[in-house]
Amino acid sequence: MVVKTFEFSSVDGRRFVKPTDRWVNLRVDHNSTVTLISELGDRQASKPTDRWVNLRVDHNSTVTLISELGDRQASVDFRFTANYHASEAVVGLIQIEGNLLWEGDARALAKSWSVGGQMPPEVAQEIHTVIMSNCIPEAVILARELRLPPPVPIPQVNVPQPAAKPAKGRSPEIA
């Protein structure tokens, strides 16, 4: 069971808020919730809700069609979607569609898909892993172009406090 080829057929991204809206001090937690501090300009925030905007980023991959190409090969069509929701409004959407060529027991895979829309768990894990590992980097680049936060949490950088004075001209290594 191997994925032989992978290609994008459609890459689409939309931002539903004004491109002049700017966000600073972005914080991403590990629940796919992004907390943003909106830029206030000259006025002061009177309430915490005036400053903080919660933005939820949901992403998923969906297999839309599996068709048998032979005894050992199946064509798998998919859709990856990243939705950006703030409060009650949709902020942005990234949608990527494509196709991959899966090699294995294609006849059994296509039959189980046509009967119940399901794949064996080990095949589903392999296919969705390949979809996510190819679509997430593409979605990160597209999100940057749309000036949206990346659809995955960014690792937090913790700089340790030095116990002693470091050597002159050297900075700590961040892993």
# chains A, B, ... in the order shown; residues from 1 in each chain; ligands from 1
>>> residues_around(residues="Ala124 (chain A)", least_positions_apart="4", cutoff="12 Å", atoms="only C-alpha atoms", output="list in words")
Met1, Val2, Val3, Ser61, Thr62, Val63, Ile66, Val76, Phe78, Trp102, Leu109, Ser112, Trp113, Gly117, Gln118, Met119, Pro120, His128, Thr129, Val130, Ile131 and Met132 of chain A
>>> closest_residue(among="A:Asn158, A:Asn99, A:Asn54, A:Gln73", to="Ser87 (chain A)", atoms="only C-alpha atoms")
A:Asn54
>>> closest_residue(among="A:Ala110, A:Thr81, A:Arg56, A:Leu100", to="Ile136 (chain A)", atoms="only C-alpha atoms")
A:Thr81
>>> residues_around(residues="Ala139 (chain A)", least_positions_apart="2", cutoff="12 Å", atoms="only C-alpha atoms", output="count of residues only")
37
>>> atom_distance(atom1="CA of Leu55 (chain A)", atom2="CA of Pro155 (chain A)")
17.6 Å
>>> atom_distance(atom1="CA of Pro153 (chain A)", atom2="CA of Val140 (chain A)")
10.7 Å
